[in-house]
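Here's data_36.txt, which has compact mmCIF, C-alpha atoms and all ligand atoms:
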```
# COMPACT_ATOMS: atom_id res chain seq x y z
CA MET R 196 46.07 4.54 -0.87
CA VAL R 197 42.89 2.96 0.46
CA LYS R 198 41.02 1.24 -2.32
CA ASN R 199 37.50 1.26 -0.91
CA SER R 200 36.58 4.14 -3.16
CA ASP R 201 36.61 1.63 -6.05
CA LYS R 202 33.30 0.42 -4.65
CA THR R 203 31.78 3.74 -5.70
CA LYS R 204 29.45 3.06 -8.57
CA ASP R 205 28.94 5.69 -11.21
CA LYS R 206 25.22 5.56 -10.54
CA ASP R 207 25.87 6.70 -6.94
CA LEU R 208 27.42 9.87 -8.29
CA GLN R 209 24.52 10.68 -10.57
CA PRO R 210 21.87 13.12 -9.39
CA LYS R 211 18.82 11.13 -8.28
CA GLN R 212 15.44 11.42 -9.91
CA VAL R 213 13.53 11.49 -6.63
CA PHE R 214 11.28 14.38 -7.60
CA SER R 215 10.52 13.53 -11.20
CA ASN R 216 8.13 11.37 -13.16
CA ILE R 217 7.40 8.29 -11.19
CA ASN R 218 4.30 6.21 -10.89
CA VAL R 219 2.34 6.26 -7.70
CA LYS R 220 1.85 2.92 -5.92
CA PHE R 221 -1.62 2.53 -4.47
CA SER R 222 -2.91 0.22 -1.81
CA ASN R 223 -6.08 -0.38 0.18
CA PRO R 224 -4.71 -1.84 3.44
CA LEU R 225 -7.98 -1.56 5.43
CA PRO R 226 -11.56 -1.49 4.10
CA ASP R 227 -11.92 2.32 4.39
CA VAL R 228 -8.27 3.33 4.17
CA HIS R 229 -6.35 3.97 0.97
CA THR R 230 -2.72 4.95 0.58
CA ALA R 231 -0.56 6.31 -2.22
CA ARG R 232 3.19 6.18 -2.23
CA VAL R 233 6.17 7.38 -4.27
CA VAL R 234 9.89 7.18 -3.44
CA ILE R 235 10.07 9.86 -0.76
CA SER R 236 6.47 10.81 -0.19
CA SER R 237 3.10 9.32 0.62
CA CYS R 238 -0.46 10.18 1.55
CA GLY R 239 -3.61 8.42 2.70
CA TRP R 240 -7.34 8.91 2.59
CA ILE R 241 -10.18 7.58 4.68
CA ASP R 242 -13.70 6.93 3.44
CA THR R 243 -16.61 7.89 5.65
CA THR R 244 -20.34 7.71 4.96
CA LYS R 245 -20.28 11.51 4.35
CA GLY R 246 -17.16 11.98 2.24
CA ILE R 247 -13.43 11.70 2.41
CA ILE R 248 -10.65 12.95 4.65
CA LEU R 249 -7.33 13.22 2.88
CA ILE R 250 -4.19 13.13 5.01
CA ASP R 251 -1.26 14.83 3.22
CA THR R 252 -1.05 15.30 -0.51
CA LEU R 253 2.21 13.88 -1.97
CA ASN R 254 5.06 16.17 -3.01
CA ARG R 255 4.19 17.19 -6.57
CA ARG R 256 1.09 18.08 -8.56
CA HIS R 257 1.59 15.53 -11.35
CA LEU R 258 1.76 12.74 -8.74
CA ALA R 259 -1.17 14.11 -6.75
CA LYS R 260 -3.25 14.07 -9.96
CA GLN R 261 -2.88 10.28 -10.08
CA VAL R 262 -4.31 10.17 -6.53
CA LYS R 263 -7.20 12.46 -7.44
CA GLU R 264 -8.21 10.17 -10.31
CA ARG R 265 -8.69 7.38 -7.76
CA ILE R 266 -10.81 9.38 -5.33
CA LYS R 267 -14.47 9.07 -6.27
CA SER R 268 -16.32 10.81 -3.40
CA LYS R 269 -16.14 14.40 -2.18
CA ILE R 270 -13.03 15.46 -0.26
CA LYS R 271 -14.40 17.20 2.83
CA TYR R 272 -11.15 17.78 4.69
CA ILE R 273 -7.44 17.85 3.94
CA ILE R 274 -5.20 17.45 6.98
CA TYR R 275 -1.53 18.35 6.85
CA THR R 276 0.60 16.26 9.24
CA HIS R 277 3.24 19.01 8.86
CA GLY R 278 4.51 21.51 6.32
CA HIS R 279 7.36 19.56 4.70
CA ILE R 280 7.03 19.74 0.94
CA ASP R 281 6.66 15.98 0.50
CA HIS R 282 3.41 16.25 2.48
CA VAL R 283 1.88 19.44 1.09
CA GLY R 284 3.28 19.91 -2.43
CA GLY R 285 0.34 18.27 -4.23
CA ALA R 286 -2.46 20.06 -2.35
CA SER R 287 -3.51 22.42 -5.14
CA VAL R 288 -4.83 19.43 -7.13
CA PHE R 289 -7.51 18.59 -4.55
CA LEU R 290 -9.41 21.87 -4.22
CA ASP R 291 -12.45 21.25 -6.50
CA ASP R 292 -14.79 20.39 -3.60
CA ASN R 293 -13.62 23.32 -1.46
CA PRO R 294 -12.33 21.15 1.38
CA GLU R 295 -11.52 22.57 4.79
CA ILE R 296 -7.70 22.38 5.08
CA ILE R 297 -6.56 21.85 8.65
CA ALA R 298 -3.07 22.29 10.07
CA SER R 299 -1.10 23.36 13.12
CA ARG R 300 -1.16 27.12 13.80
CA TYR R 301 2.56 27.21 13.07
CA LEU R 302 2.30 25.74 9.58
CA PRO R 303 1.62 28.99 7.67
CA ASP R 304 4.85 30.43 9.15
CA ARG R 305 6.70 27.50 7.59
CA PHE R 306 5.30 28.25 4.14
CA ASP R 307 6.31 31.91 4.58
CA LYS R 308 9.80 30.79 5.62
CA TYR R 309 10.11 28.51 2.59
CA LYS R 310 9.29 31.44 0.30
CA MET R 311 11.68 33.77 2.13
CA LEU R 312 14.58 31.29 1.89
CA ALA R 313 13.81 29.86 -1.56
CA GLN R 314 17.33 30.35 -2.92
CA HIS R 315 19.01 28.83 0.11
CA ARG R 316 16.57 25.92 0.15
CA ALA R 317 17.26 25.11 -3.48
CA HIS R 318 20.94 24.87 -2.58
CA ILE R 319 20.62 22.71 0.54
CA ASN R 320 18.10 20.37 -1.07
CA ALA R 321 20.53 19.87 -3.96
CA ILE R 322 23.13 18.63 -1.45
CA GLN R 323 20.81 16.58 0.75
CA PHE R 324 19.27 14.72 -2.18
CA ASN R 325 22.15 15.07 -4.70
CA VAL R 326 19.80 16.61 -7.26
CA PRO R 327 20.17 19.62 -9.57
CA GLU R 328 19.74 22.98 -7.86
CA THR R 329 16.32 24.29 -8.86
CA LEU R 330 13.93 26.68 -7.20
CA ASP R 331 10.76 25.05 -5.84
CA SER R 332 7.78 25.57 -8.10
CA ILE R 333 5.40 24.62 -5.29
CA ASN R 334 2.02 26.27 -5.18
CA PHE R 335 1.65 26.58 -1.41
CA VAL R 336 -1.93 26.01 -0.38
CA TYR R 337 -2.37 27.59 3.04
CA PRO R 338 -4.71 25.93 5.55
CA THR R 339 -8.24 27.30 5.91
CA LYS R 340 -8.28 26.40 9.62
CA THR R 341 -5.41 26.19 12.10
CA PHE R 342 -5.27 25.27 15.78
CA LEU R 343 -2.95 24.27 18.62
CA GLY R 344 -3.72 21.43 20.99
CA ASP R 345 -6.60 19.05 20.32
CA LEU R 346 -9.43 19.16 17.80
CA THR R 347 -12.08 16.52 17.10
CA ILE R 348 -13.89 16.24 13.78
CA LYS R 349 -16.92 14.02 13.21
CA LEU R 350 -17.59 13.02 9.63
CA GLY R 351 -20.24 10.39 8.84
CA ASP R 352 -19.40 7.14 10.59
CA LYS R 353 -15.94 8.19 11.82
CA THR R 354 -14.24 10.44 14.36
CA PHE R 355 -10.92 12.14 13.74
CA GLU R 356 -8.97 13.19 16.82
CA LEU R 357 -6.31 15.71 15.81
CA HIS R 358 -3.37 16.64 18.05
CA THR R 359 -0.60 19.15 17.36
CA THR R 360 2.92 18.71 18.69
CA ARG R 361 6.55 19.63 18.14
CA ALA R 362 8.65 16.78 16.75
CA GLU R 363 10.35 16.72 13.35
CA THR R 364 8.92 20.20 12.94
CA ASP R 365 7.18 22.71 15.18
CA ASP R 366 3.98 22.26 13.14
CA ALA R 367 3.50 18.50 13.54
CA LEU R 368 0.01 17.03 13.82
CA TRP R 369 -1.15 13.45 14.26
CA VAL R 370 -4.58 11.93 13.84
CA TYR R 371 -6.30 9.07 15.64
CA VAL R 372 -9.42 7.38 14.25
CA PRO R 373 -10.96 5.31 17.08
CA GLU R 374 -13.50 3.44 14.91
CA ILE R 375 -10.66 1.68 13.09
CA ASN R 376 -8.10 2.00 15.94
CA ALA R 377 -5.62 3.62 13.56
CA ALA R 378 -3.17 6.49 14.09
CA PHE R 379 -1.86 8.60 11.20
CA ILE R 380 1.37 10.01 12.57
CA GLY R 381 3.10 11.80 9.71
CA ASP R 382 6.87 11.59 10.06
CA LEU R 383 6.88 10.85 13.81
CA ILE R 384 8.04 7.43 12.64
CA ILE R 385 9.47 7.03 9.14
CA GLY R 386 8.75 3.39 8.49
CA ARG R 387 11.60 1.18 9.65
CA LEU R 388 14.18 3.94 9.75
CA PHE R 389 16.07 5.61 12.59
CA PRO R 390 14.04 8.71 13.61
CA ASN R 391 14.80 11.73 11.48
CA ILE R 392 15.78 13.89 14.44
CA GLY R 393 18.93 15.36 12.97
CA ASN R 394 19.45 16.94 9.60
CA PRO R 395 22.65 18.92 8.93
CA TRP R 396 20.85 21.47 6.78
CA LYS R 397 17.68 22.07 8.71
CA SER R 398 16.68 23.96 11.82
CA THR R 399 16.58 22.11 15.14
CA ARG R 400 14.06 19.41 15.83
CA PHE R 401 12.35 18.60 19.09
CA ALA R 402 13.58 15.26 20.43
CA LEU R 403 11.98 15.46 23.85
CA ASP R 404 8.51 16.56 22.72
CA TRP R 405 8.80 14.01 19.94
CA VAL R 406 9.37 11.08 22.30
CA LYS R 407 6.61 12.25 24.66
CA THR R 408 4.19 12.28 21.72
CA LEU R 409 5.22 8.76 20.74
CA GLU R 410 4.53 7.70 24.34
CA LYS R 411 1.03 9.22 24.13
CA ILE R 412 0.41 7.33 20.90
CA ARG R 413 1.66 4.08 22.46
CA ALA R 414 -0.68 4.58 25.42
CA ILE R 415 -3.68 4.48 23.04
CA LYS R 416 -2.50 1.04 21.84
CA PRO R 417 -3.34 1.64 18.18
CA LYS R 418 -3.77 -1.49 16.10
CA TYR R 419 -2.53 0.30 12.99
CA ILE R 420 -0.01 3.08 12.52
CA PHE R 421 0.26 4.90 9.23
CA CYS R 422 3.62 6.66 8.79
CA ASN R 423 4.77 9.45 6.51
CA GLY R 424 1.54 10.73 5.04
CA GLY R 425 0.13 7.23 5.34
CA GLY R 426 2.05 5.14 2.82
CA VAL R 427 3.70 2.86 5.35
CA MET R 428 1.41 0.80 7.58
CA LEU R 429 2.67 -0.92 10.69
CA LYS R 430 0.12 -3.21 12.30
CA GLU R 431 -0.42 -4.90 15.66
CA GLU R 432 2.88 -6.09 17.22
CA GLU R 433 4.84 -4.28 14.51
CA ALA R 434 3.24 -0.98 15.50
CA ILE R 435 4.06 -1.46 19.16
CA GLU R 436 7.60 -2.73 18.45
CA ALA R 437 8.30 0.29 16.24
CA LEU R 438 6.98 2.65 18.92
CA ASP R 439 9.01 0.89 21.64
CA ALA R 440 12.22 1.05 19.58
CA ASN R 441 11.81 4.72 18.62
CA ILE R 442 10.89 5.76 22.16
CA GLU R 443 13.82 3.93 23.73
CA VAL R 444 16.42 5.18 21.25
CA ILE R 445 15.26 8.82 21.43
CA HIS R 446 15.27 8.86 25.25
CA ASN R 447 18.63 7.14 25.41
CA LEU R 448 20.49 9.29 22.88
CA HIS R 449 18.84 12.50 24.10
CA ASN R 450 19.92 11.77 27.69
CA GLN R 451 23.49 10.97 26.64
CA VAL R 452 23.73 14.37 24.91
CA VAL R 453 22.29 16.15 27.95
CA ASP R 454 24.82 14.42 30.26
CA PHE R 455 27.73 15.33 27.99
CA ILE R 456 26.58 18.95 27.71
CA ASN R 457 26.52 19.12 31.51
CA GLN R 458 30.02 17.62 31.60
CA GLY R 459 31.24 20.27 29.15
CA MET R 460 32.24 17.86 26.39
CA HIS R 461 33.04 19.51 23.05
CA ILE R 462 30.51 18.82 20.30
CA THR R 463 33.19 17.40 17.96
CA GLU R 464 34.00 14.82 20.63
CA MET R 465 30.37 14.25 21.47
CA ILE R 466 29.35 13.12 17.99
CA HIS R 467 31.93 10.33 18.20
CA THR R 468 31.23 9.43 21.83
CA VAL R 469 27.45 9.09 21.89
CA LYS R 470 26.52 5.57 20.80
CA ILE R 471 23.27 3.81 20.13
CA PRO R 472 22.77 1.17 22.89
CA LYS R 473 24.21 -2.21 21.86
CA HIS R 474 20.88 -4.06 22.00
CA LEU R 475 19.30 -1.51 19.60
CA GLU R 476 22.18 -1.45 17.09
CA ASN R 477 20.56 -3.93 14.72
CA ASN R 478 16.95 -3.21 15.62
CA PRO R 479 14.82 -3.68 12.46
CA TYR R 480 12.98 -0.37 13.12
CA LEU R 481 16.08 1.79 13.49
CA SER R 482 18.06 1.37 10.30
CA GLN R 483 20.38 4.34 9.76
CA VAL R 484 20.07 4.32 5.98
CA TYR R 485 18.54 7.81 6.00
CA SER R 486 19.56 9.76 9.10
CA ARG R 487 22.28 8.77 11.60
CA VAL R 488 23.28 9.08 15.25
CA GLU R 489 25.81 11.90 14.68
CA PHE R 490 23.08 14.09 13.14
CA PHE R 491 20.82 13.34 16.11
CA VAL R 492 23.57 14.44 18.51
CA TYR R 493 24.26 17.69 16.66
CA ASN R 494 20.57 18.46 16.65
CA VAL R 495 19.89 17.93 20.35
CA TYR R 496 23.07 19.88 21.14
CA ARG R 497 21.93 22.79 18.96
CA TRP R 498 18.54 22.77 20.66
CA TYR R 499 20.04 23.19 24.14
CA HIS R 500 23.35 24.88 23.47
CA GLY R 501 24.49 28.19 22.03
CA TYR R 502 27.13 28.46 19.34
CA PHE R 503 29.98 29.16 21.76
CA ASP R 504 32.08 26.06 22.54
CA ASP R 505 33.94 27.23 25.69
CA ASN R 506 37.08 28.12 23.72
CA PRO R 507 37.85 31.87 23.93
CA ALA R 508 39.40 31.70 20.45
CA HIS R 509 35.93 30.94 19.10
CA LEU R 510 33.86 33.66 20.80
CA LEU R 511 34.23 36.20 17.97
CA PRO R 512 36.37 34.31 15.46
CA ARG R 513 38.07 35.75 12.36
CA PRO R 514 36.92 34.18 9.08
CA GLU R 515 38.08 30.54 8.82
CA LYS R 516 39.87 31.31 5.58
CA GLU R 517 42.18 33.86 7.26
CA VAL R 518 43.14 31.40 9.99
CA LEU R 519 43.84 28.57 7.53
CA ASN R 520 45.91 30.96 5.44
CA GLU R 521 48.11 31.67 8.45
CA ILE R 522 48.52 27.95 9.18
CA TYR R 523 49.34 27.33 5.51
CA ASP R 524 52.06 30.01 5.62
CA LEU R 525 53.56 28.38 8.71
CA ILE R 526 53.68 25.02 6.93
CA GLY R 527 55.09 26.83 3.95
CA ASN R 528 54.78 24.08 1.38
CA PRO R 529 51.73 22.49 -0.31
CA GLN R 530 53.62 19.22 -0.88
CA LYS R 531 53.97 18.74 2.87
CA ILE R 532 50.20 18.96 3.25
CA LEU R 533 49.49 16.60 0.34
CA LYS R 534 52.00 14.06 1.73
CA ARG R 535 50.42 14.08 5.20
CA VAL R 536 46.91 13.87 3.77
CA ASN R 537 47.92 10.82 1.74
CA GLU R 538 49.42 9.21 4.85
CA LEU R 539 46.25 9.80 6.85
CA PHE R 540 44.15 8.42 4.00
CA THR R 541 46.30 5.26 3.90
CA GLN R 542 45.76 4.91 7.65
CA ASN R 543 41.97 5.08 7.13
CA GLN R 544 41.79 8.52 8.78
CA THR R 545 39.81 9.87 5.86
CA GLN R 546 37.81 12.51 7.74
CA LEU R 547 40.94 13.89 9.40
CA ALA R 548 42.68 13.88 6.01
CA LEU R 549 39.79 15.88 4.54
CA GLN R 550 40.08 18.52 7.25
CA ILE R 551 43.87 18.86 6.89
CA LEU R 552 43.55 19.08 3.11
CA ASP R 553 41.13 21.95 3.68
CA ILE R 554 44.07 24.15 4.76
CA LEU R 555 45.44 23.84 1.21
CA ILE R 556 42.09 24.00 -0.59
CA GLN R 557 40.96 27.16 1.16
CA THR R 558 44.31 28.86 0.56
CA GLU R 559 44.86 27.66 -3.01
CA PRO R 560 41.39 26.87 -4.36
CA LYS R 561 42.78 26.26 -7.84
CA ASN R 562 45.32 23.63 -6.76
CA GLY R 563 44.37 20.68 -9.03
CA ASP R 564 46.29 18.06 -7.01
CA ALA R 565 44.40 19.09 -3.88
CA ARG R 566 41.03 18.88 -5.65
CA ARG R 567 41.83 15.47 -7.18
CA LEU R 568 42.88 14.15 -3.78
CA ARG R 569 39.73 15.56 -2.19
CA ILE R 570 37.64 13.72 -4.79
CA GLU R 571 39.32 10.43 -3.74
CA LEU R 572 38.72 11.15 -0.05
CA MET R 573 35.05 11.97 -0.53
CA LYS R 574 34.46 8.98 -2.83
CA ASN R 575 35.91 6.82 -0.08
CA LEU R 576 33.71 8.42 2.57
CA GLY R 577 30.65 8.01 0.32
CA ALA R 578 31.39 4.37 -0.51
CA ASN R 579 31.60 3.50 3.18
CA ASP R 580 28.55 5.49 4.24
CA ILE R 581 25.10 3.89 4.55
CA SER R 582 23.24 7.08 5.52
CA LEU R 583 21.60 8.47 2.42
CA MET R 584 21.87 12.09 3.61
CA SER R 585 25.62 12.08 4.19
CA LYS R 586 26.29 9.78 1.22
CA ASN R 587 24.43 12.19 -1.07
CA ALA R 588 26.46 15.07 0.35
CA TRP R 589 29.82 13.38 -0.35
CA PHE R 590 28.83 12.62 -3.92
CA TYR R 591 27.38 16.08 -4.47
CA TYR R 592 30.76 17.61 -3.58
CA VAL R 593 32.66 15.02 -5.64
CA ASN R 594 30.66 16.18 -8.64
CA LYS R 595 31.27 19.84 -7.74
CA ASP R 596 35.04 19.27 -7.57
CA LYS R 597 34.96 17.43 -10.91
CA GLU R 598 33.12 20.37 -12.48
CA PHE R 599 35.65 22.74 -10.96
CA LEU R 600 38.59 20.78 -12.40
CA LYS R 601 36.92 20.82 -15.82
CA SER R 602 36.43 24.60 -15.61
CA LEU R 603 40.16 25.04 -14.87
CA LYS R 604 41.06 23.37 -18.19
CA LYS R 605 38.96 25.81 -20.22
ZN ZN R 701 8.82 15.52 7.35
```

The structure given in the file should be rewritten as structure tokens.
Ligand SMILES: [Zn+2]
Amino acid sequence: MVKNSDKTKDKDLQPKQVFSNINVKFSNPLPDVHTARVVISSCGWIDTTKGIILIDTLNRRHLAKQVKERIKSKIKYIIYTHGHIDHVGGASVFLDDNPEIIASRYLPDRFDKYKMLAQHRAHINAIQFNVPETLDSINFVYPTKTFLGDLTIKLGDKTFELHTTRAETDDALWVYVPEINAAFIGDLIIGRLFPNIGNPWKSTRFALDWVKTLEKIRAIKPKYIFCNGGGVMLKEEEAIEALDANIEVIHNLHNQVVDFINQGMHITEMIHTVKIPKHLENNPYLSQVYSRVEFFVYNVYRWYHGYFDDNPAHLLPRPEKEVLNEIYDLIGNPQKILKRVNELFTQNQTQLALQILDILIQTEPKNGDARRLRIELMKNLGANDISLMSKNAWFYYVNKDKEFLKSLKK
């Protein structure tokens, strides 16, 4: 048996406290620019001689309240860089001065979608972040003004050039302030991390529009780039290096996927075949500790490709469970499956082992040996995984299997 799973720390298995009571870290990186940051969320505000423009609002009200205490002048505008909860969840705290709230025309549809799929979203967020499954208690504050394309706002001594685009979401918006040569780009770049172009739980993202937008931003030659809602600042060469790295990697991976689609490669081969170019593998702006190349590939594939994979057996398939049941009956013996899964695990073929074990788990869900072995496989996958999204998923299901085994004893 492979022993790497021993590296799994108990703390890895525990649900994270990413949404709970944490203190906000403030900074004042430029004379008129302020930022506020928590673990997975940030926002920024810009002083002008006639009031404040707030860009994004943090993810939760109790955190946003700490921001509000710091803001002394009137908030004239709130700008949403997109509708993800970590950018809009705190908005209801900032409404005293009746600010104009500006967003892409597509953003209200996102809020409607979040409400419509609340139950599903609670479930997928629990897996992605390895947190308890709870319904969002977000008070969605809809924009008072929406647009598509370009919009310029003058406030006091500053100009705010707003541009909508499709990137991580279809409702993305970025802001350029020429007087300070700074661009506030939402999640178009997420600090020093590989671009968040693929997410196994979320609808498709827009790699090609995304990279074209980054090229437009690079052409302006901003001295400062504020990422997320504003909490991460990249300045001067750093800003350009981050843009260069993101632009090159998106073009390269996107084009590989397009070539392989045209060649008719199966998606399950494609995710293992597409590789980040060698010279970008250790690029300091492309760390895959959040998202990863395989997720990127799936996403671009889903954007261009229908569900059908060129195998007639998959055009109108019977439920997976029925098929696995048939295969299980042909094998005829659970011990045979467990033995082969253990062999594969010993040979470091953990993913393949997990898929073969699935024949047994789907046919005999209450088989304790199968569940215990699956826990070992997923702990091993988690311990060797640096991407937070997939790591969280492995540990989420480890915990689910443990709960299931406990319930069998009752
Ligand atoms: Zn986002």

So which residues touch Ala231 in chain R within 12 Å, counting all atoms listed in the file, skipping near sequence neighbours fewer than 4 positions away, as JSON, numbers by chain? {"R": [218, 219, 220, 221, 222, 223, 224, 235, 236, 237, 238, 239, 240, 241, 249, 250, 251, 252, 253, 254, 258, 259, 260, 261, 262, 263, 264, 265, 266, 282, 421, 422, 423, 424, 425, 426, 427, 428]}

Within 10 Å of ligand ZN 701 (chain R), counting all atoms listed in the file, which protein or nucleic acid residues do you find, written as an mmCIF file with C-alpha atoms, in the frame of the given file?
```cif
data_model
loop_
_atom_site.group_PDB
_atom_site.id
_atom_site.type_symbol
_atom_site.label_atom_id
_atom_site.label_comp_id
_atom_site.auth_asym_id
_atom_site.auth_seq_id
_atom_site.Cartn_x
_atom_site.Cartn_y
_atom_site.Cartn_z
ATOM 1 C CA ILE R 235 10.070 9.860 -0.760
ATOM 2 C CA SER R 236 6.470 10.810 -0.190
ATOM 3 C CA THR R 276 0.600 16.260 9.240
ATOM 4 C CA HIS R 277 3.240 19.010 8.860
ATOM 5 C CA GLY R 278 4.510 21.510 6.320
ATOM 6 C CA HIS R 279 7.360 19.560 4.700
ATOM 7 C CA ILE R 280 7.030 19.740 0.940
ATOM 8 C CA ASP R 281 6.660 15.980 0.500
ATOM 9 C CA HIS R 282 3.410 16.250 2.480
ATOM 10 C CA ALA R 362 8.650 16.780 16.750
ATOM 11 C CA GLU R 363 10.350 16.720 13.350
ATOM 12 C CA THR R 364 8.920 20.200 12.940
ATOM 13 C CA ALA R 367 3.500 18.500 13.540
ATOM 14 C CA GLY R 381 3.100 11.800 9.710
ATOM 15 C CA ASP R 382 6.870 11.590 10.060
ATOM 16 C CA LEU R 383 6.880 10.850 13.810
ATOM 17 C CA ILE R 384 8.040 7.430 12.640
ATOM 18 C CA ILE R 385 9.470 7.030 9.140
ATOM 19 C CA ASN R 391 14.800 11.730 11.480
ATOM 20 C CA ASN R 423 4.770 9.450 6.510
ATOM 21 C CA GLY R 424 1.540 10.730 5.040
#
```

One decimal, Å: what's the distance from CA of Lys516 in chain R over to CA of Asp580 in chain R, could you say? 28.2 Å

For Glu356 in chain R, list every protein, DNA or RNA residue within 6 Å, evaluated using all atoms listed in the file, and leave out those in the same chain fewer than 6 positions away; present the list as a list in words. Thr347, Val370 and Tyr371 of chain R

Closest to Lys245 in chain R among R:Gln530, R:Thr359, R:Thr354, R:Ser299, using only C-alpha atoms?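 Going through R:Gln530, R:Thr359, R:Thr354, R:Ser299 one by one, the smallest distance to Lys245 in chain R is for R:Thr354.
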
Which of these, R:Val453, R:Ala578, R:Val326, R:Leu519, has the shortest distance to Gln550 in chain R once you count all atoms listed in the file?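 Residue with the minimum atom-to-atom distance to Gln550 in chain R: R:Leu519.
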
Taking only C-alpha atoms into account, name the residue in R:Ile462, R:Ile522, R:Val372, R:Ile247 that is nearest to Tyr419 in chain R. R:Val372

Between CA of Ala588 in chain R and CA of Gln557 in chain R - distance in Å to one decimal: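 Separation between CA of Gln557 in chain R and CA of Ala588 in chain R: 18.9 Å.
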
From the options R:Pro479, R:Gly386, R:Gly459, R:Pro529, which residue's atoms come nearest to Phe503 in chain R, counting all atoms listed in the file?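 Checking each candidate against Phe503 in chain R, we get R:Gly459 as the closest.
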
Can you work out which one of R:Val233, R:Val444, R:Leu481, R:Val288 has the shortest atom-to-atom distance to Ile333 in chain R, counting all atoms listed in the file? R:Val288

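For the choices R:Gly351, R:Asn494, R:Asn447, R:Ile435, the atom-to-atom distance to Lys473 in chain R is smallest for R:Asn447 when using only C-alpha atoms.
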
Met573 in chain R surroundings by only C-alpha atoms, 9 Å radius, close-in-sequence under 2 positions cut, as an MDAnalysis selection string: chainID R and resid 200 545:546 549 568:571 575:578 589:590 592:593

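Taking CA of His509 in chain R as the reference point, CA of Glu559 in chain R is found at 24.1 Å.
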
Env of Gly563 in chain R: 12 Å cut, atoms = all atoms listed in the file, seq-sep filter 2 positions within chain, self excluded. Answer as a PyMOL selection string. chain R and resi 529+533+555-556+559-561+565-570+596-604

Residues within 7 Å of Val406 in chain R, please, as a ChimeraX atom specification. Count only C-alpha atoms; anything in the same chain fewer than 2 positions from it doesn't count. /R:402-404,408-410,442,445-446

Incomplete range 402-413 of chain R filled out to N, CA, C and O atoms as an mmCIF file, keeping the file's coordinate frame:
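Final file, part_10.cif:
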```cif
data_model
loop_
_atom_site.group_PDB
_atom_site.id
_atom_site.type_symbol
_atom_site.label_atom_id
_atom_site.label_comp_id
_atom_site.auth_asym_id
_atom_site.auth_seq_id
_atom_site.Cartn_x
_atom_site.Cartn_y
_atom_site.Cartn_z
ATOM 1 N N ALA R 402 13.469 16.659 20.005
ATOM 2 C CA ALA R 402 13.580 15.260 20.430
ATOM 3 C C ALA R 402 12.683 14.929 21.624
ATOM 4 O O ALA R 402 11.993 13.904 21.621
ATOM 5 N N LEU R 403 12.684 15.800 22.614
ATOM 6 C CA LEU R 403 11.980 15.460 23.850
ATOM 7 C C LEU R 403 10.457 15.486 23.668
ATOM 8 O O LEU R 403 9.752 14.589 24.104
ATOM 9 N N ASP R 404 9.948 16.532 22.992
ATOM 10 C CA ASP R 404 8.510 16.560 22.720
ATOM 11 C C ASP R 404 8.119 15.402 21.798
ATOM 12 O O ASP R 404 7.033 14.828 21.904
ATOM 13 N N TRP R 405 9.021 15.097 20.896
ATOM 14 C CA TRP R 405 8.800 14.010 19.940
ATOM 15 C C TRP R 405 8.557 12.699 20.691
ATOM 16 O O TRP R 405 7.568 12.003 20.475
ATOM 17 N N VAL R 406 9.471 12.377 21.609
ATOM 18 C CA VAL R 406 9.370 11.080 22.300
ATOM 19 C C VAL R 406 8.141 11.068 23.215
ATOM 20 O O VAL R 406 7.460 10.044 23.342
ATOM 21 N N LYS R 407 7.808 12.210 23.804
ATOM 22 C CA LYS R 407 6.610 12.250 24.660
ATOM 23 C C LYS R 407 5.352 11.999 23.822
ATOM 24 O O LYS R 407 4.396 11.373 24.282
ATOM 25 N N THR R 408 5.347 12.514 22.603
ATOM 26 C CA THR R 408 4.190 12.280 21.720
ATOM 27 C C THR R 408 4.099 10.803 21.349
ATOM 28 O O THR R 408 3.010 10.215 21.347
ATOM 29 N N LEU R 409 5.242 10.198 21.059
ATOM 30 C CA LEU R 409 5.220 8.760 20.740
ATOM 31 C C LEU R 409 4.710 7.955 21.944
ATOM 32 O O LEU R 409 3.999 6.959 21.777
ATOM 33 N N GLU R 410 5.031 8.398 23.136
ATOM 34 C CA GLU R 410 4.530 7.700 24.340
ATOM 35 C C GLU R 410 3.003 7.840 24.456
ATOM 36 O O GLU R 410 2.312 6.890 24.816
ATOM 37 N N LYS R 411 2.502 9.037 24.104
ATOM 38 C CA LYS R 411 1.030 9.220 24.130
ATOM 39 C C LYS R 411 0.363 8.288 23.123
ATOM 40 O O LYS R 411 -0.681 7.703 23.386
ATOM 41 N N ILE R 412 0.988 8.187 21.941
ATOM 42 C CA ILE R 412 0.410 7.330 20.900
ATOM 43 C C ILE R 412 0.440 5.865 21.358
ATOM 44 O O ILE R 412 -0.531 5.128 21.207
ATOM 45 N N ARG R 413 1.542 5.470 21.989
ATOM 46 C CA ARG R 413 1.660 4.080 22.460
ATOM 47 C C ARG R 413 0.587 3.777 23.517
ATOM 48 O O ARG R 413 0.029 2.682 23.556
#
```
